[in-house]
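Peer 1: Provided below: start01.txt, containing compact mmCIF, all heavy atoms.
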# COMPACT_ATOMS: atom_id res chain seq x y z
N MET A 1 91.20 108.81 101.43
CA MET A 1 91.98 108.06 102.38
C MET A 1 93.22 108.88 102.70
O MET A 1 94.02 109.18 101.85
CB MET A 1 92.34 106.72 101.75
CG MET A 1 93.08 105.81 102.64
SD MET A 1 93.22 104.14 102.01
CE MET A 1 93.88 104.38 100.41
N SER A 2 93.34 109.26 103.96
CA SER A 2 94.48 110.07 104.36
C SER A 2 95.63 109.18 104.80
O SER A 2 95.44 108.08 105.30
CB SER A 2 94.08 111.01 105.49
OG SER A 2 93.76 110.26 106.63
N SER A 3 96.83 109.67 104.60
CA SER A 3 97.98 108.88 105.02
C SER A 3 98.26 109.14 106.49
O SER A 3 97.87 110.15 107.05
CB SER A 3 99.19 109.24 104.17
OG SER A 3 99.54 110.59 104.39
N ALA A 4 98.95 108.20 107.11
CA ALA A 4 99.31 108.35 108.51
C ALA A 4 100.24 109.54 108.66
O ALA A 4 101.11 109.78 107.83
CB ALA A 4 99.96 107.08 109.01
N SER A 5 100.04 110.30 109.70
CA SER A 5 100.85 111.49 109.93
C SER A 5 102.30 111.09 110.14
O SER A 5 102.59 110.20 110.94
CB SER A 5 100.32 112.21 111.17
OG SER A 5 101.25 113.18 111.59
N PRO A 6 103.22 111.74 109.43
CA PRO A 6 104.64 111.42 109.64
C PRO A 6 105.06 111.61 111.10
O PRO A 6 105.89 110.87 111.61
CB PRO A 6 105.37 112.40 108.73
CG PRO A 6 104.38 112.75 107.68
CD PRO A 6 103.04 112.70 108.36
N ALA A 7 104.47 112.58 111.78
CA ALA A 7 104.81 112.80 113.19
C ALA A 7 104.36 111.63 114.04
O ALA A 7 105.07 111.20 114.96
CB ALA A 7 104.17 114.09 113.68
N ALA A 8 103.18 111.06 113.73
CA ALA A 8 102.67 109.92 114.49
C ALA A 8 103.54 108.70 114.25
O ALA A 8 103.84 107.94 115.17
CB ALA A 8 101.23 109.63 114.10
N VAL A 9 103.94 108.50 113.00
CA VAL A 9 104.81 107.36 112.68
C VAL A 9 106.15 107.51 113.40
O VAL A 9 106.65 106.55 113.99
CB VAL A 9 105.02 107.26 111.15
CG1 VAL A 9 106.06 106.21 110.83
CG2 VAL A 9 103.71 106.94 110.45
N ASN A 10 106.70 108.71 113.36
CA ASN A 10 107.99 108.94 114.00
C ASN A 10 107.88 108.77 115.51
O ASN A 10 108.74 108.14 116.14
CB ASN A 10 108.49 110.35 113.67
CG ASN A 10 109.94 110.54 114.03
OD1 ASN A 10 110.68 109.57 114.16
ND2 ASN A 10 110.36 111.78 114.17
N ALA A 11 106.83 109.30 116.10
CA ALA A 11 106.65 109.18 117.55
C ALA A 11 106.47 107.73 117.96
O ALA A 11 107.03 107.29 118.96
CB ALA A 11 105.46 110.02 117.99
N ALA A 12 105.69 106.99 117.19
CA ALA A 12 105.44 105.59 117.54
C ALA A 12 106.69 104.74 117.37
O ALA A 12 106.96 103.85 118.17
CB ALA A 12 104.31 105.04 116.68
N SER A 13 107.47 105.02 116.34
CA SER A 13 108.66 104.21 116.11
C SER A 13 109.76 104.52 117.11
O SER A 13 110.60 103.66 117.40
CB SER A 13 109.17 104.38 114.68
OG SER A 13 109.57 105.72 114.47
N ASN A 14 109.78 105.72 117.65
CA ASN A 14 110.80 106.10 118.64
C ASN A 14 110.30 105.96 120.07
O ASN A 14 111.02 106.30 121.00
CB ASN A 14 111.24 107.55 118.40
CG ASN A 14 112.00 107.70 117.11
OD1 ASN A 14 112.66 106.77 116.66
ND2 ASN A 14 111.88 108.85 116.48
N ALA A 15 109.09 105.46 120.25
CA ALA A 15 108.48 105.42 121.57
C ALA A 15 109.10 104.34 122.45
O ALA A 15 109.52 103.30 121.97
CB ALA A 15 106.98 105.18 121.44
N ASN A 16 109.12 104.61 123.72
CA ASN A 16 109.53 103.64 124.71
C ASN A 16 108.29 102.84 125.08
O ASN A 16 107.37 103.35 125.71
CB ASN A 16 110.10 104.35 125.94
CG ASN A 16 110.50 103.37 127.02
OD1 ASN A 16 110.39 102.15 126.85
ND2 ASN A 16 110.96 103.89 128.14
N LEU A 17 108.24 101.57 124.67
CA LEU A 17 107.04 100.77 124.85
C LEU A 17 106.73 100.49 126.31
O LEU A 17 105.63 100.07 126.64
CB LEU A 17 107.14 99.48 124.06
CG LEU A 17 107.16 99.65 122.55
CD1 LEU A 17 107.27 98.29 121.86
CD2 LEU A 17 105.94 100.38 122.07
N ALA A 18 107.66 100.70 127.21
CA ALA A 18 107.41 100.47 128.62
C ALA A 18 106.55 101.59 129.21
O ALA A 18 105.93 101.41 130.24
CB ALA A 18 108.72 100.36 129.38
N SER A 19 106.49 102.71 128.55
CA SER A 19 105.72 103.83 129.10
C SER A 19 104.30 103.84 128.53
O SER A 19 104.02 103.29 127.46
CB SER A 19 106.40 105.16 128.76
OG SER A 19 106.25 105.43 127.38
N VAL A 20 103.42 104.46 129.25
CA VAL A 20 102.02 104.56 128.82
C VAL A 20 101.93 105.39 127.54
O VAL A 20 101.19 105.04 126.62
CB VAL A 20 101.16 105.20 129.94
CG1 VAL A 20 99.75 105.47 129.45
CG2 VAL A 20 101.16 104.32 131.17
N GLN A 21 102.69 106.43 127.44
CA GLN A 21 102.66 107.28 126.26
C GLN A 21 103.16 106.52 125.03
O GLN A 21 102.60 106.64 123.95
CB GLN A 21 103.51 108.53 126.48
CG GLN A 21 103.46 109.50 125.32
CD GLN A 21 104.30 110.75 125.56
OE1 GLN A 21 105.11 110.76 126.49
NE2 GLN A 21 104.10 111.75 124.76
N GLY A 22 104.20 105.74 125.21
CA GLY A 22 104.72 104.95 124.09
C GLY A 22 103.72 103.93 123.62
O GLY A 22 103.50 103.74 122.42
N THR A 23 103.06 103.25 124.55
CA THR A 23 102.06 102.27 124.20
C THR A 23 100.88 102.92 123.49
O THR A 23 100.37 102.41 122.50
CB THR A 23 101.57 101.52 125.46
OG1 THR A 23 102.69 100.92 126.09
CG2 THR A 23 100.56 100.45 125.12
N ALA A 24 100.47 104.08 123.98
CA ALA A 24 99.36 104.81 123.35
C ALA A 24 99.73 105.23 121.92
O ALA A 24 98.89 105.14 121.01
CB ALA A 24 98.99 106.02 124.19
N SER A 25 100.96 105.66 121.72
CA SER A 25 101.40 106.06 120.38
C SER A 25 101.33 104.89 119.41
O SER A 25 100.89 105.03 118.27
CB SER A 25 102.83 106.60 120.42
OG SER A 25 102.89 107.78 121.16
N VAL A 26 101.76 103.73 119.85
CA VAL A 26 101.74 102.54 118.98
C VAL A 26 100.30 102.14 118.68
O VAL A 26 99.96 101.80 117.54
CB VAL A 26 102.52 101.39 119.64
CG1 VAL A 26 102.32 100.09 118.88
CG2 VAL A 26 104.00 101.73 119.70
N LEU A 27 99.42 102.22 119.67
CA LEU A 27 98.02 101.86 119.45
C LEU A 27 97.33 102.82 118.48
O LEU A 27 96.54 102.40 117.64
CB LEU A 27 97.27 101.81 120.78
CG LEU A 27 97.64 100.65 121.70
CD1 LEU A 27 96.94 100.79 123.05
CD2 LEU A 27 97.32 99.32 121.06
N VAL A 28 97.64 104.10 118.60
CA VAL A 28 97.06 105.09 117.67
C VAL A 28 97.56 104.84 116.25
O VAL A 28 96.80 104.89 115.29
CB VAL A 28 97.38 106.52 118.14
CG1 VAL A 28 97.04 107.55 117.06
CG2 VAL A 28 96.63 106.84 119.42
N LEU A 29 98.85 104.56 116.11
CA LEU A 29 99.40 104.28 114.79
C LEU A 29 98.77 103.02 114.20
O LEU A 29 98.39 102.99 113.03
CB LEU A 29 100.92 104.09 114.87
CG LEU A 29 101.61 103.71 113.56
CD1 LEU A 29 101.41 104.79 112.50
CD2 LEU A 29 103.08 103.46 113.80
N LYS A 30 98.60 101.98 115.02
CA LYS A 30 97.98 100.74 114.54
C LYS A 30 96.55 101.00 114.09
O LYS A 30 96.12 100.50 113.04
CB LYS A 30 98.00 99.69 115.64
CG LYS A 30 97.46 98.34 115.20
CD LYS A 30 97.54 97.33 116.33
CE LYS A 30 97.09 95.95 115.96
NZ LYS A 30 95.90 95.83 115.20
N LYS A 31 95.80 101.79 114.82
CA LYS A 31 94.43 102.12 114.45
C LYS A 31 94.39 102.89 113.13
O LYS A 31 93.55 102.63 112.27
CB LYS A 31 93.76 102.93 115.57
CG LYS A 31 92.35 103.30 115.32
CD LYS A 31 91.46 102.09 115.32
CE LYS A 31 90.01 102.52 115.18
NZ LYS A 31 89.10 101.40 115.06
N ALA A 32 95.31 103.83 112.94
CA ALA A 32 95.37 104.60 111.70
C ALA A 32 95.68 103.69 110.52
O ALA A 32 95.07 103.82 109.45
CB ALA A 32 96.41 105.71 111.82
N LEU A 33 96.61 102.77 110.70
CA LEU A 33 96.96 101.85 109.61
C LEU A 33 95.81 100.89 109.31
O LEU A 33 95.54 100.58 108.15
CB LEU A 33 98.22 101.08 109.97
CG LEU A 33 99.50 101.93 110.04
CD1 LEU A 33 100.67 101.08 110.51
CD2 LEU A 33 99.80 102.58 108.71
N ASP A 34 95.11 100.41 110.35
CA ASP A 34 93.96 99.54 110.13
C ASP A 34 92.85 100.26 109.35
O ASP A 34 92.21 99.68 108.49
CB ASP A 34 93.40 99.04 111.47
CG ASP A 34 94.31 98.02 112.14
OD1 ASP A 34 95.21 97.46 111.44
OD2 ASP A 34 94.13 97.78 113.35
N THR A 35 92.66 101.55 109.65
CA THR A 35 91.66 102.34 108.93
C THR A 35 92.04 102.49 107.47
O THR A 35 91.20 102.39 106.58
CB THR A 35 91.51 103.72 109.59
OG1 THR A 35 91.16 103.54 110.96
CG2 THR A 35 90.47 104.57 108.90
N GLN A 36 93.32 102.69 107.20
CA GLN A 36 93.78 102.81 105.82
C GLN A 36 93.62 101.49 105.07
O GLN A 36 93.23 101.47 103.91
CB GLN A 36 95.24 103.25 105.78
CG GLN A 36 95.44 104.69 106.13
CD GLN A 36 96.89 105.12 106.01
OE1 GLN A 36 97.78 104.29 105.86
NE2 GLN A 36 97.12 106.41 106.08
N VAL A 37 93.90 100.39 105.73
CA VAL A 37 93.73 99.08 105.11
C VAL A 37 92.27 98.86 104.73
O VAL A 37 91.96 98.40 103.63
CB VAL A 37 94.25 97.95 106.04
CG1 VAL A 37 93.81 96.59 105.55
CG2 VAL A 37 95.75 98.01 106.14
N ALA A 38 91.37 99.20 105.64
CA ALA A 38 89.94 99.02 105.37
C ALA A 38 89.52 99.86 104.17
O ALA A 38 88.75 99.40 103.31
CB ALA A 38 89.13 99.39 106.60
N GLY A 39 90.01 101.07 104.08
CA GLY A 39 89.68 101.93 102.94
C GLY A 39 90.24 101.39 101.64
O GLY A 39 89.57 101.42 100.60
N ALA A 40 91.46 100.87 101.67
CA ALA A 40 92.07 100.31 100.47
C ALA A 40 91.31 99.07 100.01
O ALA A 40 91.10 98.87 98.81
CB ALA A 40 93.53 99.97 100.73
N VAL A 41 90.89 98.23 100.95
CA VAL A 41 90.13 97.03 100.60
C VAL A 41 88.82 97.42 99.94
O VAL A 41 88.41 96.82 98.94
CB VAL A 41 89.89 96.15 101.85
CG1 VAL A 41 88.86 95.08 101.60
CG2 VAL A 41 91.20 95.52 102.29
N GLN A 42 88.14 98.44 100.47
CA GLN A 42 86.89 98.90 99.87
C GLN A 42 87.11 99.39 98.44
O GLN A 42 86.31 99.11 97.56
CB GLN A 42 86.28 100.02 100.69
CG GLN A 42 85.40 99.57 101.81
CD GLN A 42 84.72 100.75 102.48
OE1 GLN A 42 85.31 101.83 102.61
NE2 GLN A 42 83.50 100.53 102.90
N LEU A 43 88.19 100.13 98.22
CA LEU A 43 88.47 100.63 96.88
C LEU A 43 88.74 99.49 95.90
O LEU A 43 88.24 99.50 94.77
CB LEU A 43 89.67 101.58 96.90
CG LEU A 43 89.43 102.95 97.49
CD1 LEU A 43 90.75 103.72 97.58
CD2 LEU A 43 88.44 103.73 96.65
N VAL A 44 89.52 98.52 96.32
CA VAL A 44 89.83 97.39 95.43
C VAL A 44 88.58 96.58 95.13
O VAL A 44 88.35 96.16 93.99
CB VAL A 44 90.93 96.50 96.05
CG1 VAL A 44 91.10 95.21 95.30
CG2 VAL A 44 92.25 97.26 96.08
N GLN A 45 87.74 96.37 96.14
CA GLN A 45 86.53 95.59 95.93
C GLN A 45 85.51 96.33 95.06
O GLN A 45 84.66 95.70 94.45
CB GLN A 45 85.89 95.22 97.27
CG GLN A 45 86.68 94.18 98.02
CD GLN A 45 86.10 93.88 99.39
OE1 GLN A 45 85.30 94.63 99.92
NE2 GLN A 45 86.52 92.76 99.97
N SER A 46 85.59 97.65 95.00
CA SER A 46 84.64 98.41 94.19
C SER A 46 85.01 98.45 92.71
O SER A 46 84.21 98.88 91.89
CB SER A 46 84.50 99.83 94.73
OG SER A 46 85.67 100.57 94.47
N LEU A 47 86.20 97.99 92.37
CA LEU A 47 86.61 97.97 90.96
C LEU A 47 85.77 96.95 90.19
O LEU A 47 85.52 95.85 90.67
CB LEU A 47 88.09 97.61 90.83
CG LEU A 47 89.08 98.64 91.37
CD1 LEU A 47 90.48 98.06 91.34
CD2 LEU A 47 89.01 99.91 90.57
N PRO A 48 85.36 97.31 88.98
CA PRO A 48 84.58 96.35 88.19
C PRO A 48 85.45 95.20 87.69
O PRO A 48 86.63 95.39 87.38
CB PRO A 48 84.06 97.18 87.03
CG PRO A 48 85.03 98.30 86.90
CD PRO A 48 85.55 98.57 88.29
N GLN A 49 84.87 94.02 87.64
CA GLN A 49 85.58 92.86 87.11
C GLN A 49 85.48 92.89 85.59
O GLN A 49 84.40 93.13 85.04
CB GLN A 49 84.96 91.56 87.63
CG GLN A 49 85.14 91.36 89.12
CD GLN A 49 86.59 91.11 89.48
OE1 GLN A 49 87.31 90.46 88.76
NE2 GLN A 49 87.01 91.63 90.61
N PRO A 50 86.57 92.66 84.88
CA PRO A 50 86.49 92.65 83.42
C PRO A 50 85.69 91.45 82.93
O PRO A 50 85.69 90.38 83.56
CB PRO A 50 87.95 92.55 82.98
CG PRO A 50 88.65 91.95 84.14
CD PRO A 50 87.91 92.38 85.37
N ALA A 51 84.98 91.66 81.83
CA ALA A 51 84.19 90.57 81.26
C ALA A 51 85.12 89.54 80.61
O ALA A 51 86.13 89.89 80.00
CB ALA A 51 83.23 91.12 80.22
N LEU A 52 84.79 88.29 80.78
CA LEU A 52 85.59 87.23 80.18
C LEU A 52 85.20 87.07 78.71
O LEU A 52 84.05 87.27 78.33
CB LEU A 52 85.36 85.91 80.92
CG LEU A 52 85.80 85.89 82.38
CD1 LEU A 52 85.44 84.55 83.01
CD2 LEU A 52 87.28 86.15 82.50
N ALA A 53 86.17 86.70 77.90
CA ALA A 53 85.90 86.48 76.49
C ALA A 53 85.05 85.22 76.34
O ALA A 53 85.21 84.24 77.06
CB ALA A 53 87.22 86.31 75.73
N THR A 54 84.09 85.27 75.41
CA THR A 54 83.22 84.12 75.19
C THR A 54 83.41 83.50 73.82
O THR A 54 82.90 82.42 73.56
CB THR A 54 81.74 84.53 75.33
OG1 THR A 54 81.46 85.60 74.42
CG2 THR A 54 81.45 84.99 76.76
N SER A 55 84.14 84.17 72.94
CA SER A 55 84.38 83.60 71.63
C SER A 55 85.75 84.05 71.13
O SER A 55 86.32 85.00 71.63
CB SER A 55 83.29 84.06 70.65
OG SER A 55 83.34 85.46 70.49
N GLY A 56 86.27 83.33 70.12
CA GLY A 56 87.56 83.68 69.56
C GLY A 56 88.68 82.85 70.15
O GLY A 56 88.48 82.03 71.05
N ALA A 57 89.89 83.08 69.65
CA ALA A 57 91.03 82.28 70.08
C ALA A 57 91.72 82.87 71.31
O ALA A 57 92.42 82.17 72.02
CB ALA A 57 92.04 82.20 68.94
N LEU A 58 91.52 84.15 71.58
CA LEU A 58 92.20 84.79 72.71
C LEU A 58 91.27 84.87 73.93
O LEU A 58 90.14 85.32 73.84
CB LEU A 58 92.65 86.20 72.36
CG LEU A 58 93.80 86.30 71.36
CD1 LEU A 58 94.09 87.74 71.03
CD2 LEU A 58 95.04 85.64 71.93
N GLY A 59 91.74 84.40 75.05
CA GLY A 59 91.03 84.58 76.30
C GLY A 59 89.90 83.60 76.57
O GLY A 59 89.17 83.77 77.54
N THR A 60 89.74 82.61 75.73
CA THR A 60 88.64 81.66 75.96
C THR A 60 89.12 80.33 76.54
O THR A 60 88.30 79.54 76.95
CB THR A 60 87.89 81.38 74.65
OG1 THR A 60 88.81 80.91 73.66
CG2 THR A 60 87.22 82.64 74.12
N ARG A 61 90.41 80.12 76.59
CA ARG A 61 90.91 78.85 77.07
C ARG A 61 91.47 78.93 78.50
O ARG A 61 91.31 78.02 79.28
CB ARG A 61 91.97 78.31 76.12
CG ARG A 61 91.37 77.88 74.79
CD ARG A 61 92.45 77.43 73.83
NE ARG A 61 91.96 76.92 72.59
CZ ARG A 61 91.35 77.61 71.65
NH1 ARG A 61 91.10 78.88 71.81
NH2 ARG A 61 90.96 77.04 70.53
N VAL A 62 92.13 80.04 78.83
CA VAL A 62 92.75 80.18 80.14
C VAL A 62 92.35 81.55 80.70
O VAL A 62 92.52 82.57 80.04
CB VAL A 62 94.29 80.10 80.06
CG1 VAL A 62 94.92 80.32 81.41
CG2 VAL A 62 94.72 78.75 79.50
N ASN A 63 91.82 81.56 81.93
CA ASN A 63 91.50 82.83 82.58
C ASN A 63 92.73 83.29 83.34
O ASN A 63 93.08 82.76 84.39
CB ASN A 63 90.32 82.63 83.54
CG ASN A 63 89.95 83.92 84.26
OD1 ASN A 63 90.52 84.97 83.99
ND2 ASN A 63 89.02 83.82 85.18
N THR A 64 93.41 84.29 82.81
CA THR A 64 94.65 84.77 83.42
C THR A 64 94.43 85.99 84.29
O THR A 64 95.36 86.67 84.66
CB THR A 64 95.69 85.11 82.33
OG1 THR A 64 95.14 86.12 81.48
CG2 THR A 64 96.07 83.89 81.55
N TYR A 65 93.19 86.32 84.62
CA TYR A 65 92.90 87.49 85.44
C TYR A 65 93.05 87.19 86.93
O TYR A 65 92.62 87.91 87.75
CB TYR A 65 91.49 88.02 85.16
CG TYR A 65 91.16 89.23 85.97
CD1 TYR A 65 91.72 90.46 85.64
CD2 TYR A 65 90.37 89.16 87.10
CE1 TYR A 65 91.47 91.57 86.40
CE2 TYR A 65 90.11 90.26 87.86
CZ TYR A 65 90.66 91.47 87.51
OH TYR A 65 90.42 92.57 88.26
N ALA A 66 93.58 86.16 87.37
CA ALA A 66 93.66 85.84 88.80
C ALA A 66 94.71 86.57 89.50
O ALA A 66 95.50 87.28 89.31
CB ALA A 66 93.90 84.35 88.98
Please express the file's structure as structure tokens.

Peer 2:
Amino acid sequence: MSSASPAAVNAASNANLASVQGTASVLVLKKALDTQVAGAVQLVQSLPQPALATSGALGTRVNTYA
């Protein structure tokens, strides 16, 4: 997962939204951030869930993994 280009972030944040170029810069930045979010969600969802305790005094009464 690549990070958003600092130049793109700078250009989008300093852009004049009334111009076509400014609007395009913001849209490109939004698309890059959406792509990063999708990648991060995939990584988090691919993590294995820890097994819950089934016996003993610890971890059998309250599931604190939420």

Peer 1: So the first atom is atom CA of A:Ala8 and the second is atom CA of A:Val28; what is the distance between them in Å, to one decimal place?

Peer 2: 8.1 Å

Peer 1: Quick one: what's the axis-aligned box for stretch 35-54 of chain A, all listed atoms, 8 Å on every side, centre and edges in Å to one decimal, as JSON?

Peer 2:
{"center_x": 89.6, "center_y": 94.4, "center_z": 92.3, "size_x": 32.3, "size_y": 40.0, "size_z": 53.4}

Peer 1: Quick one: of A:Val62, A:Ser5, A:Gln42, A:Thr54, who's nearest to A:Leu29, counting all atoms listed in the file?

Peer 2: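 Smallest distance to A:Leu29 is found for A:Ser5.
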
Peer 1: Atom O of A:Pro48 and atom C of A:Arg61, how far apart in Å?

Peer 2: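 Going from atom C of A:Arg61 over to atom O of A:Pro48, I get 19.3 Å.
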